[in-house]
Amino acid sequence: MNKFSITLIIASVLSLFGAEALMAQEYKVGVCDWMILKRQKLGEFDLARQLGSDGVEMDMGGLGKREMFDNKMRDDKEAAHFKSVADSLGIEIGAIAMSGFYAQDLTKRDNYMALVEDCFDTMGKMGDVKVAFLPLGGCGNDWPKDKAKRTIIVKRLRAIGEAAKARGKRVGIDTPLDAKGNLKLLKEIKSDGIAIFYKWQTIVENGWDIVKDIKKLGAKNICAIHASNTDRVWLRNDSTINVPLIKKALDEMGWSGWLFVERSRDVKMVRNVKMNYGANVHYLKSIFNSYPSPAVALDSAGRDPKYVQTITGRSMKATDALGITWTPLGQNVLNIICNRYFKLNDIYSERDSVKLKNGRIEELKKLAEAQCDSKLYRSHYGFLADLSMYLNPQEIDKVKDVMTFDVVKVTYEAQCDMIPTLKEDEKKQIMAWLIEARELAIDAESSKKKHEVFGKYKGRINNYLTKRGYDLTKEREEWYKRVKARGGTL
């Protein structure tokens, strides 16, 4: 087959299926830096990495009444530093956003081209980013029917699009329109430099069907996606968005590109950045591409699935308390805690099996208990060492507290409240014993046994305080009166 024939075949494929047919389809998941409270801050890249995302949509900075964006990247050294940090952490800048136009009206900004060129310059400094985000929220929602205003918007977008095209970039606009309206608008603009930065939230709020809408709009007209809804629940819990079905539609369309999480925060914990964005990134990556497997494998083989599910739920209370459950870090810590519970179950089950076999032979039963204690002791420090690979000492203490129902904090605060005259050295001694009790309690075989451990140490504390001259009966009575007076109960 000669070169001319091969060229004809390639041209035929391209004309039938588009250039995308010869490219590997790829999805990347990122977060919006202004929504994770890291707008143009160096920390955005490390946080994005912790959240498990592939990259960020970096904002140009605030606009408001300023003439230009509050853009740090105009400083070449600053921009180079940001890019270096991003590269060192393996985090991409997938798009540059002009979120200031959510509130600013494009038709009332005579310097709009200067603002856009500032964005294009920043895109170049951040690794030749190809997509910019331009919301039209500041223009209001009535401009599509306002002929005069629409004419100005179309004219300005055409100028922006041609400038973007000249620099090898595309500007994705966010409009209040459905696919039919967006296609009409793009036809009016007449510039390949303008596309739609697709937003699931807009479609849901208008009661439209996302799958039907994106299919009608077409892959070539979508340059990126804001893959989230308004703040209410996480994406995995959002009944209004069928993410697997959307992914199937995008697969069929041959679309590739970035999906950025802008919102979809749980309103019950709206300020918890790691939990909200970690959960949504994790879910999107589990649907759109393979989420990286944890370095720590879950020791679930051969175990009852219901038991594994129960232990996972119990362990998740600790990672939830740390706010890391849906991050790569959290997945490793979760598996470490689960595996600890599995290990404890194995140790105690083996002990019980030996004791059952030997019936009334007390010496063998005692030996089984001794062997159990030995295994608990050895594995206890292995568990803490495993946690120390991912958590700092304070975070490890939080895991211990969750595993022991926060008894240390509850008991200590109760003691201090009951006896307001406790001296500092007495408080330190009480806390020291409670911490010692916690170390033993985390290895206990049941919640009842955990509380029994603390019960013994509470007895030690009471004896200590009595020897120090405290009348605990009287202290408890007075405490009860104070608690009752402030409307509480014991």
# chains A, B, ... in the order shown; residues from 1 in each chain; ligands from 1
call {"tool": "closest_atom_pairs", "arguments": {"of": "range 355-466 of chain A", "to": "range 310-331 of chain A", "cutoff": "9 Å", "atoms": "only C-alpha atoms", "output": "JSON lines"}}
result
{"residue": "A:Tyr390", "atom": "CA", "partner": "A:Leu329", "partner_atom": "CA", "distance": 6.9}
{"residue": "A:Leu391", "atom": "CA", "partner": "A:Leu329", "partner_atom": "CA", "distance": 8.9}
{"residue": "A:Glu395", "atom": "CA", "partner": "A:Leu322", "partner_atom": "CA", "distance": 7.1}
{"residue": "A:Lys398", "atom": "CA", "partner": "A:Ala318", "partner_atom": "CA", "distance": 7.3}
{"residue": "A:Val399", "atom": "CA", "partner": "A:Ala318", "partner_atom": "CA", "distance": 5.3}
{"residue": "A:Lys400", "atom": "CA", "partner": "A:Ala318", "partner_atom": "CA", "distance": 8.4}
{"residue": "A:Asp401", "atom": "CA", "partner": "A:Ala318", "partner_atom": "CA", "distance": 8.4}
{"residue": "A:Val402", "atom": "CA", "partner": "A:Ala318", "partner_atom": "CA", "distance": 5.6}
{"residue": "A:Met403", "atom": "CA", "partner": "A:Ala318", "partner_atom": "CA", "distance": 7.3}
call {"tool": "select_by_dssp", "arguments": {"residues": "range 381-410 of chain A", "states": "alpha helix (DSSP H)", "output": "list in words"}}
result
Tyr381, Gly382, Phe383, Leu384, Ala385, Asp386, Leu387, Ser388, Pro393, Gln394, Glu395, Ile396, Asp397, Lys398, Val399, Lys400, Asp401, Val402, Met403, Val407, Val408, Lys409 and Val410 of chain A
call {"tool": "residues_around", "arguments": {"residues": "range 120-136 of chain A", "least_positions_apart": "3", "cutoff": "6 Å", "atoms": "only C-alpha atoms", "output": "ChimeraX atom specification"}}
result
/A:83,95-98,101-102,117,139,169-175
call {"tool": "residues_around", "arguments": {"residues": "range 295-302 of chain A", "least_positions_apart": "6", "cutoff": "10 Å", "atoms": "only C-alpha atoms", "output": "ChimeraX atom specification"}}
result
/A:308-309,312,328-329,331-340,342-343,386
call {"tool": "write_last_selection", "arguments": {"atoms": "C-alpha atoms", "output": "compact mmCIF listing (two decimals), in the first residue's frame"}}
result
# COMPACT_ATOMS: atom_id res chain seq x y z
CA VAL A 308 -16.33 -6.23 56.37
CA GLN A 309 -19.00 -3.63 55.69
CA THR A 312 -15.52 -0.34 57.35
CA PRO A 328 -6.17 8.98 48.93
CA LEU A 329 -4.66 9.56 52.39
CA GLN A 331 -8.33 5.48 52.02
CA ASN A 332 -4.97 4.25 53.33
CA VAL A 333 -5.77 5.24 56.92
CA LEU A 334 -9.21 3.65 56.64
CA ASN A 335 -7.69 0.35 55.53
CA ILE A 336 -5.12 0.44 58.35
CA ILE A 337 -7.89 0.85 60.93
CA CYS A 338 -10.07 -1.82 59.30
CA ASN A 339 -7.13 -4.20 59.24
CA ARG A 340 -6.53 -3.54 62.94
CA PHE A 342 -9.66 -7.66 61.57
CA LYS A 343 -6.40 -8.51 63.34
CA ASP A 386 1.43 1.97 60.26
call {"tool": "select_by_dssp", "arguments": {"residues": "range 205-434 of chain A", "states": "strand (DSSP E)", "output": "ChimeraX atom specification"}}
result
/A:222-226,257-261
call {"tool": "residues_around", "arguments": {"residues": "Leu490 in chain A", "least_positions_apart": "5", "cutoff": "12 Å", "atoms": "only C-alpha atoms", "output": "PyMOL selection string"}}
result
chain A and resi 414+417-418+476-477+479-485
call {"tool": "residues_around", "arguments": {"residues": "range 149-156 of chain A", "least_positions_apart": "5", "cutoff": "6 Å", "atoms": "only C-alpha atoms", "output": "compact mmCIF listing (two decimals) with N, CA and C atoms, in the first residue's frame"}}
result
# COMPACT_ATOMS: atom_id res chain seq x y z
N TRP A 143 -30.56 38.37 29.21
CA TRP A 143 -29.90 38.86 28.00
C TRP A 143 -30.20 38.06 26.74
N PRO A 144 -30.48 36.72 26.84
CA PRO A 144 -30.78 36.00 25.60
C PRO A 144 -31.99 36.57 24.84
N ILE A 189 -22.00 33.76 17.15
CA ILE A 189 -20.65 34.24 17.50
C ILE A 189 -19.67 34.00 16.36
call {"tool": "atom_distance", "arguments": {"atom1": "CA of Met60 in chain A", "atom2": "CA of Ser99 in chain A"}}
result
7.4 Å
call {"tool": "closest_residue", "arguments": {"among": "A:Phe260, A:Trp255, A:Trp200, A:Phe82", "to": "Ile36 in chain A", "atoms": "only C-alpha atoms"}}
result
A:Phe260
call {"tool": "atom_distance", "arguments": {"atom1": "CA of Val408 in chain A", "atom2": "CA of Gln429 in chain A"}}
result
12.7 Å
call {"tool": "atom_distance", "arguments": {"atom1": "CA of Lys456 in chain A", "atom2": "CA of Arg360 in chain A"}}
result
28.3 Å
call {"tool": "closest_residue", "arguments": {"among": "A:Gly137, A:Gly94, A:Pro176, A:Gly455", "to": "Leu434 in chain A", "atoms": "only C-alpha atoms"}}
result
A:Gly455
call {"tool": "residues_around", "arguments": {"residues": "Asp443 in chain A", "least_positions_apart": "2", "cutoff": "9 Å", "atoms": "only C-alpha atoms", "output": "list of chain:residue names"}}
result
A:Arg340, A:Tyr341, A:Leu344, A:Leu376, A:Tyr377, A:His380, A:Arg438, A:Glu439, A:Leu440, A:Ala441, A:Glu445, A:Ser446, A:Lys450
call {"tool": "closest_residue", "arguments": {"among": "A:Asp118, A:Asp209, A:Asp146, A:Asp352", "to": "Ala163 in chain A", "atoms": "only C-alpha atoms"}}
result
A:Asp118
call {"tool": "closest_atom_pairs", "arguments": {"of": "range 180-272 of chain A", "to": "range 28-33 of chain A", "cutoff": "7 Å", "atoms": "only C-alpha atoms", "output": "Markdown table"}}
result
| residue | atom | partner | partner_atom | distance |
| --- | --- | --- | --- | --- |
| A:Gly257 | CA | A:Lys28 | CA | 6.2 |
| A:Trp258 | CA | A:Lys28 | CA | 4.8 |
| A:Leu259 | CA | A:Val29 | CA | 4.9 |
| A:Phe260 | CA | A:Gly30 | CA | 4.6 |
| A:Val261 | CA | A:Val31 | CA | 4.9 |
| A:Glu262 | CA | A:Cys32 | CA | 5.6 |
call {"tool": "write_last_selection", "arguments": {"atoms": "C-alpha atoms", "output": "compact mmCIF listing (two decimals), in the first residue's frame"}}
result
# COMPACT_ATOMS: atom_id res chain seq x y z
CA GLY A 257 -11.32 16.67 28.73
CA TRP A 258 -11.51 18.09 32.21
CA LEU A 259 -14.32 17.73 34.72
CA PHE A 260 -14.01 20.27 37.53
CA VAL A 261 -15.83 20.07 40.85
CA GLU A 262 -17.19 23.50 41.66
